[in-house]
>>> print(open('final38.cif').read())   # mmCIF, C-alpha atoms
data_entry
loop_
_atom_site.label_atom_id
_atom_site.label_comp_id
_atom_site.auth_asym_id
_atom_site.auth_seq_id
_atom_site.Cartn_x
_atom_site.Cartn_y
_atom_site.Cartn_z
CA MET P 18 -14.43 -11.77 44.99
CA ARG P 19 -15.99 -8.84 43.17
CA GLN P 20 -12.65 -7.04 42.59
CA PRO P 21 -11.09 -9.92 40.51
CA ILE P 22 -14.22 -10.07 38.36
CA LEU P 23 -14.07 -6.33 37.69
CA LEU P 24 -10.34 -6.61 36.93
CA PHE P 25 -11.04 -9.47 34.51
CA ALA P 26 -13.87 -7.50 32.85
CA GLY P 27 -11.56 -4.49 32.49
CA LEU P 28 -8.87 -6.70 30.94
CA LEU P 29 -11.36 -8.14 28.46
CA ALA P 30 -12.54 -4.65 27.50
CA THR P 31 -8.93 -3.53 26.96
CA LEU P 32 -8.21 -6.56 24.77
CA ALA P 33 -11.37 -5.94 22.77
CA ILE P 34 -10.40 -2.33 22.14
CA HIS P 35 -6.69 -2.90 21.43
CA GLY P 36 -6.51 -6.49 20.26
CA CYS P 37 -9.22 -6.82 17.69
CA GLY P 38 -8.01 -3.99 15.50
CA GLY P 39 -5.09 -6.15 14.40
CA GLY P 40 -2.82 -3.25 13.57
CA GLY P 41 -4.66 -2.65 10.31
CA GLY P 42 -3.47 -0.09 7.96
CA GLY P 43 -4.30 3.32 6.97
CA GLY P 44 -7.93 3.77 6.21
CA GLY P 45 -9.65 0.64 7.36
CA GLY P 46 -7.28 -1.36 9.37
CA GLY P 47 -8.71 -4.46 10.67
CA GLY P 48 -11.76 -4.41 13.03
CA GLY P 49 -11.51 -8.09 13.67
CA VAL P 50 -11.57 -11.03 11.32
CA PRO P 51 -14.25 -10.79 8.61
CA SER P 52 -16.77 -13.60 8.54
CA GLN P 53 -16.21 -14.14 4.81
CA PRO P 54 -12.98 -13.28 3.04
CA SER P 55 -13.19 -10.33 0.66
CA ALA P 56 -11.19 -9.99 -2.53
CA ALA P 57 -7.79 -8.37 -2.03
CA GLU P 58 -7.09 -5.58 -4.54
CA VAL P 59 -4.30 -3.19 -5.42
CA SER P 60 -5.38 -0.23 -7.55
CA LEU P 61 -4.35 3.18 -8.83
CA PHE P 62 -6.45 6.18 -7.84
CA PRO P 63 -7.71 7.91 -9.78
CA SER P 64 -7.74 5.12 -12.34
CA SER P 65 -7.82 7.55 -15.25
CA GLY P 66 -7.60 11.23 -15.94
CA MET P 67 -6.56 14.02 -18.26
CA VAL P 68 -3.67 16.41 -17.60
CA SER P 69 -2.00 19.19 -19.58
CA LYS P 70 1.52 18.98 -20.97
CA GLY P 71 3.96 20.29 -18.34
CA GLN P 72 1.57 19.54 -15.45
CA ASP P 73 2.66 17.55 -12.40
CA PHE P 74 0.17 14.93 -11.20
CA THR P 75 -0.09 12.00 -8.81
CA ARG P 76 -1.56 8.54 -8.62
CA THR P 77 -2.15 6.82 -5.28
CA VAL P 78 -1.65 3.09 -4.92
CA ASP P 79 -4.55 1.90 -2.77
CA VAL P 80 -4.95 -1.52 -1.17
CA LYS P 81 -8.20 -3.17 -0.19
CA ASN P 82 -8.71 -6.23 2.02
CA VAL P 83 -5.02 -7.15 2.04
CA GLY P 84 -4.06 -10.03 4.31
CA LYS P 85 -1.31 -9.81 6.94
CA THR P 86 1.78 -8.33 5.31
CA PHE P 87 5.04 -6.52 6.03
CA PHE P 88 6.67 -6.28 2.56
CA VAL P 89 5.43 -5.07 -0.83
CA ALA P 90 7.23 -5.09 -4.19
CA PHE P 91 6.07 -4.33 -7.72
CA ASP P 92 6.92 -2.31 -10.82
CA VAL P 93 4.81 0.34 -12.56
CA THR P 94 5.29 0.81 -16.29
CA TYR P 95 4.27 3.74 -18.53
CA ASP P 96 5.10 5.42 -21.85
CA PRO P 97 8.05 7.80 -21.25
CA LYS P 98 7.08 9.83 -24.34
CA VAL P 99 3.87 10.84 -22.52
CA ILE P 100 4.84 11.10 -18.84
CA LYS P 101 8.00 11.26 -16.73
CA TYR P 102 8.51 9.74 -13.27
CA VAL P 103 9.31 12.29 -10.52
CA ASP P 104 9.26 10.41 -7.19
CA THR P 105 7.36 8.18 -4.77
CA VAL P 106 6.12 9.04 -1.28
CA GLU P 107 4.92 6.49 1.26
CA ASP P 108 1.38 6.80 2.57
CA SER P 109 -0.10 5.39 5.78
CA PHE P 110 -0.90 1.71 5.19
CA LEU P 111 2.33 -0.10 6.10
CA ASN P 112 3.56 2.43 8.66
CA ARG P 113 0.17 2.61 10.39
CA ASN P 114 -0.09 6.40 10.14
CA ASN P 115 3.60 6.95 10.97
CA GLN P 116 3.44 4.83 14.13
CA ASP P 117 5.93 2.28 12.78
CA GLN P 118 9.23 2.59 10.94
CA THR P 119 9.34 1.50 7.30
CA THR P 120 11.77 1.66 4.41
CA LEU P 121 10.72 2.73 0.91
CA GLN P 122 12.87 2.21 -2.16
CA ALA P 123 11.65 3.42 -5.53
CA ALA P 124 13.72 4.08 -8.63
CA LEU P 125 13.69 3.89 -12.39
CA GLN P 126 14.77 0.43 -13.47
CA ASN P 127 18.34 0.74 -14.76
CA GLY P 128 17.91 4.54 -14.60
CA VAL P 129 15.71 4.49 -17.71
CA GLU P 130 12.26 6.14 -17.91
CA GLY P 131 9.33 3.76 -18.47
CA ARG P 132 9.52 1.44 -15.45
CA VAL P 133 9.60 2.30 -11.73
CA THR P 134 10.64 -0.50 -9.36
CA ILE P 135 9.17 -0.15 -5.87
CA GLY P 136 9.86 -1.95 -2.59
CA LEU P 137 8.36 -1.04 0.77
CA THR P 138 8.94 -2.91 4.02
CA ARG P 139 8.18 -2.56 7.71
CA GLN P 140 11.17 -2.57 10.06
CA PRO P 141 11.39 -5.03 12.97
CA ASP P 142 9.89 -3.71 16.18
CA PRO P 143 12.10 -3.38 19.27
CA PHE P 144 10.84 -6.73 20.55
CA GLY P 145 12.05 -8.62 17.47
CA GLY P 146 8.80 -9.02 15.56
CA ARG P 147 7.81 -7.39 12.31
CA GLY P 148 4.20 -6.67 13.20
CA ASP P 149 2.26 -7.52 10.07
CA VAL P 150 -0.58 -5.19 9.09
CA TYR P 151 -3.74 -5.96 7.16
CA GLY P 152 -6.82 -4.24 5.85
CA SER P 153 -7.31 -1.35 3.45
CA GLY P 154 -5.67 2.01 2.93
CA GLN P 155 -3.24 4.09 0.92
CA LEU P 156 0.09 2.40 0.30
CA LEU P 157 2.03 5.11 -1.57
CA THR P 158 1.75 8.01 -4.00
CA LEU P 159 3.53 8.17 -7.35
CA HIS P 160 4.43 11.63 -8.73
CA PHE P 161 4.70 12.19 -12.49
CA LYS P 162 5.07 15.06 -14.96
CA ALA P 163 3.19 15.19 -18.28
CA VAL P 164 5.77 15.58 -21.08
CA GLY P 165 4.00 14.86 -24.37
CA PRO P 166 0.56 14.42 -25.91
CA GLY P 167 -1.07 11.01 -25.91
CA THR P 168 -2.48 8.34 -23.64
CA THR P 169 -0.41 5.96 -21.57
CA SER P 170 -1.33 3.09 -19.35
CA LEU P 171 0.04 2.99 -15.83
CA SER P 172 0.41 -0.75 -15.35
CA PHE P 173 1.45 -2.92 -12.46
CA SER P 174 4.18 -5.07 -13.97
CA ASP P 175 6.12 -7.92 -12.45
CA PRO P 176 4.09 -7.81 -9.23
CA LYS P 177 6.37 -9.52 -6.74
CA GLY P 178 3.47 -8.89 -4.43
CA PHE P 179 2.91 -8.82 -0.71
CA VAL P 180 4.70 -11.02 1.83
CA ASP P 181 4.01 -11.61 5.52
CA SER P 182 6.58 -11.74 8.33
CA THR P 183 6.95 -15.52 8.01
CA ASN P 184 7.89 -15.08 4.33
CA ASN P 185 4.57 -16.39 2.97
CA THR P 186 3.06 -14.78 -0.09
CA VAL P 187 -0.11 -12.79 0.57
CA SER P 188 -2.75 -13.42 -2.07
CA ILE P 189 -3.85 -10.44 -4.19
CA ASP P 190 -6.94 -11.15 -6.28
CA ALA P 191 -6.73 -8.12 -8.60
CA TRP P 192 -4.16 -5.55 -9.70
CA GLN P 193 -6.12 -2.62 -11.20
CA ASP P 194 -4.09 -0.59 -13.72
CA GLY P 195 -4.83 2.98 -14.82
CA THR P 196 -4.43 5.40 -17.73
CA VAL P 197 -3.41 9.03 -18.17
CA THR P 198 -4.15 11.23 -21.16
CA VAL P 199 -1.93 14.25 -21.80
CA GLN P 200 -3.37 17.02 -23.94
#
>>> encode(input="final38.cif", output="structure tokens")
Amino acid sequence: MRQPILLFAGLLATLAIHGCGGGGGGGGGGGGVPSQPSAAEVSLFPSSGMVSKGQDFTRTVDVKNVGKTFFVAFDVTYDPKVIKYVDTVEDSFLNRNNQDQTTLQAALQNGVEGRVTIGLTRQPDPFGGRGDVYGSGQLLTLHFKAVGPGTTSLSFSDPKGFVDSTNNTVSIDAWQDGTVTVQ
């Protein structure tokens, strides 16, 4: 009788360790369901800064308290007289620190500086599911080059948002834009 109880206790411990994390993302990734929902945010980090003409710089798109999701899409707009888009690199949130396969697409809209269109999705797992993730972390990093003096906003435009694996929209409470000053 004692052996089944120990087996059951071991199973419960395994589920507690592996099941409650929820597959979270990147830097905070789920530790169970919060008792009260927190505001979901998407923001640029750092939110502002000064760079010199000719300098390359980055802005990270961070997510906080995002509900279960597998797909993200939005645009980022800026003044092309001040900065130039270089590229986008995926960070750890949707791919769970490179544990899962994802697809990133990022390009200038119509090939014209001033608007970058971004789409990032998780690929189906071998068992047919998509494996939504939730929590907080770094979604991606945008690379730019400072080309002229002035200040430009880096704004989330046309946020198509976050979607879960059943095609439901994931609520985002705030999209926090940023600015860059080129001297």
>>> residues_near_point(input="final38.cif", point="(5.3, -14.1, 3.7)", cutoff="12 Å", atoms="all atoms listed in the file", output="MDAnalysis selection string")
chainID P and resid 84:89 138 147 149:150 177:188
>>> resolve_selection(input="final38.cif", expression="the PyMOL selection byres ((chain P and resi 117) around 10)", output="PyMOL selection string")
chain P and resi 109+111-116+118-119+139-142+147-148
>>> closest_residue(input="final38.cif", among="P:Leu61, P:Val83, P:Met67, P:Ala56", to="Gly152 of chain P", atoms="all atoms listed in the file")
P:Val83
>>> atom_distance(input="final38.cif", atom1="atom CA of Val68 of chain P", atom2="atom CA of Glu107 of chain P")
23.0 Å
>>> atom_distance(input="final38.cif", atom1="atom CA of Ser69 of chain P", atom2="atom CA of Phe173 of chain P")
23.5 Å
>>> closest_residue(input="final38.cif", among="P:Phe161, P:Lys81, P:Asp73, P:Tyr102", to="Gly128 of chain P", atoms="all atoms listed in the file")
P:Tyr102
